[in-house]
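Below: one structure, written as structure tokens.
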Amino acid sequence: MAFEGLSEKLNNVFKKLKSRGKLTESDVKEAMREVRLALLEADVSYKVVKDFVAKVTERAVGEDVLASLTPAQQVIKIVNDELCSLMGNSNSRINFASKPPTVIMMCGLQGSGKTTHAAKLAKLLKKEGHRPLLAACDIYRPAAINQLQVVGQKADVKVFEMGQISPVIIAKQALSHAKDYGHDILIIDTAGRLHIDTELMNELKEIKELTNPDEIMLVVDAMTGQDAVNVAKSFDDEIGITSVLMSKLDSDTRGGAALSVLAVTGKPIKYVGMGEKLDDFEQFHPERMASRILGMGDVLTLIEKAENVMSQKDAEKLTKKFKENSFDMDDLLDQMRQIKKLGSMRSILSMLPGVGNKISEEDIDESQLGRIEAMITSMTKAERAKPSIINPSRKRRIASGSGTKVEDVNRLLKQFDQMQKMMKQFTGKGSKMNMRKARKQLAGMNFDKLTGKGGGNLPPI
């Protein structure tokens, strides 16, 4: 996951600070040396690191901080504030035109994920109520037009293409088509190169001059580290980009490019790609990203993801089942399939405060959900509705049908029974008193409930 290494190192630094109680100036400066090293190892620009550490140190050695009752917490808050400032403080939105269509010109080098992320952006904008149109202006890369058509179809967004004629002509006709057919956003997928060259830049300049884009969004690959920042600077110098879309941020455990782009180019990151699926795409929120880096989780993004996969009607239906104590195995199966849509278990847990930095890849068995799903689908309709009727012979049949062991079936039934008891505490009479007991039970749940493996305890809710 992005910033995994940096997050772990920073949390170790802060853990040392908390253990010392009252801090001295030398304690802070020693901690800042470790922070500097952690940022450099995360592939953050040297100049950016130097300025960042200087700002944090200046604020952290102030009398108000050192004399505070909780100096370590004050230092953490300062680091959080400066991280937010480094990435832009507030999330930047697309520059929408006063008169539609808004033209978004996507550019970048080959391999950055430009075509796929053009479709991801189009899908997200369509969810927000817009009518985007994708324009296939990459005529050089083999199958680029076909790729855009495929991802466009998956995103349920129309793709405008005219084959392998001049990209400038295609862009011009696409703009006319968008105006004529009521598309309020035109996303132009331009050609990329293996490296920056004069021919590429001249073509982009022509398209820019002809379409007068409201947004020139550069797609950069987070895995290329500081090269991504250098690419952004080069494109900005040549054509004047307005924003950055960072792809493959989930694949780079360092994440240094995300912390350097704004400081080096002055251009904000507006969106990030967090996976291969079209829904693995989100608006970039500096304050939420800073929270993830410092191990504080990102509950707001998790809630937004949940809202995208579960409608208000489904939520009300589920709440009713909780209250009526009619939640059965079919409902559990449905909820597990909803969880899968949120992303990997690792990415979900990383958004929970205090959890993300306490687990590693070894702690997580992504196939566990699949095994549970196999066990539930091996049950009869009657067994799913009333698990209490599952006797030893039924357990053997379910285990055989799902390729699991009888012990696995017993564990699932036991966990389901505990879940139902917990729901009664939440929804029964005197639920305020029972809520405390439920919180204690949740706090004591092991990671094997989620991962199928041993581990520490989940933090209190």
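Chain labels A, B, ... are given in the sequence in which chains occur in the structure tokens; within each chain residues are numbered consecutively from 1, and ligands are likewise numbered from 1 in the order shown.
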Counting only C-alpha atoms, which residues of range 162-219 of chain A sit at most 7 Å from some atom of range 237-241 of chain A, and what is each one's closest atom pair with its distance in Å to one decimal, listed by chain and rising residue number, as CSV?
```
residue,atom,partner,partner_atom,distance
A:Met201,CA,A:Glu238,CA,6.9
A:Lys205,CA,A:Ile239,CA,6.3
A:Ile216,CA,A:Ile241,CA,4.9
A:Met217,CA,A:Ile241,CA,6.1
A:Leu218,CA,A:Ile241,CA,6.6
```
Select from range 58-207 of chain A everything DSSP, run on the backbone, classes as helix (DSSP H, G or I), then give the selection as a ChimeraX atom specification.
/A:58-60,63-66,71-87,114-127,144-154,167-180,198-207
Would you tabulate, counting only C-alpha atoms, all residues of range 85-134 of chain A that have an atom at most 10 Å from an atom of range 255-261 of chain A, showing the closest pair of atoms and their distance in Å to one decimal, sorted by chain then ascending number, as CSV?
```
residue,atom,partner,partner_atom,distance
A:Ser85,CA,A:Leu259,CA,10.0
A:Leu86,CA,A:Leu259,CA,6.5
A:Met87,CA,A:Leu259,CA,5.9
A:Gly88,CA,A:Leu259,CA,9.6
```
Could you turn the residues from that selection into a file that holds all heavy atoms, as a compact mmCIF listing (two decimals), in the first residue's frame?
```txt
# COMPACT_ATOMS: atom_id res chain seq x y z
N SER A 85 -0.16 20.77 4.22
CA SER A 85 0.33 21.95 3.49
C SER A 85 1.18 21.53 2.29
O SER A 85 1.08 22.11 1.21
CB SER A 85 1.14 22.84 4.43
OG SER A 85 1.67 23.95 3.75
N LEU A 86 1.99 20.49 2.51
CA LEU A 86 2.88 20.00 1.46
C LEU A 86 2.09 19.47 0.27
O LEU A 86 2.49 19.63 -0.89
CB LEU A 86 3.76 18.88 2.03
CG LEU A 86 4.94 18.39 1.19
CD1 LEU A 86 5.94 19.50 0.93
CD2 LEU A 86 5.62 17.22 1.88
N MET A 87 0.93 18.85 0.56
CA MET A 87 0.13 18.24 -0.52
C MET A 87 -1.00 19.14 -1.00
O MET A 87 -1.77 18.76 -1.88
CB MET A 87 -0.42 16.89 -0.04
CG MET A 87 0.65 15.83 0.14
SD MET A 87 0.00 14.20 0.60
CE MET A 87 -0.41 14.46 2.32
N GLY A 88 -1.14 20.32 -0.39
CA GLY A 88 -2.13 21.26 -0.93
C GLY A 88 -3.18 21.77 0.02
O GLY A 88 -4.05 22.54 -0.38
```
Report as a tab-separated table: every residue of range 103-128 of chain A with an atom at most 10 Å from range 148-151 of chain A, its closest pair of atoms, and their distance in Å to one decimal, counting only C-alpha atoms, with rows sorted by chain and ascending residue number.
```
residue	atom	partner	partner_atom	distance
A:Lys114	CA	A:Leu148	CA	9.9
A:Thr115	CA	A:Leu148	CA	6.1
A:Thr116	CA	A:Val151	CA	6.5
A:His117	CA	A:Val151	CA	9.2
A:Ala118	CA	A:Leu148	CA	8.4
A:Ala119	CA	A:Val151	CA	6.0
A:Lys120	CA	A:Val151	CA	8.3
A:Lys123	CA	A:Val151	CA	9.8
```
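Using only C-alpha atoms, the shortest contact distance between Met246 in chain A and any of A:Leu294, A:Cys107, A:Met419, A:Ala31 is found at A:Cys107.
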d(CA of Phe3 in chain A, CA of Gln226 in chain A) in Å:
14.5 Å
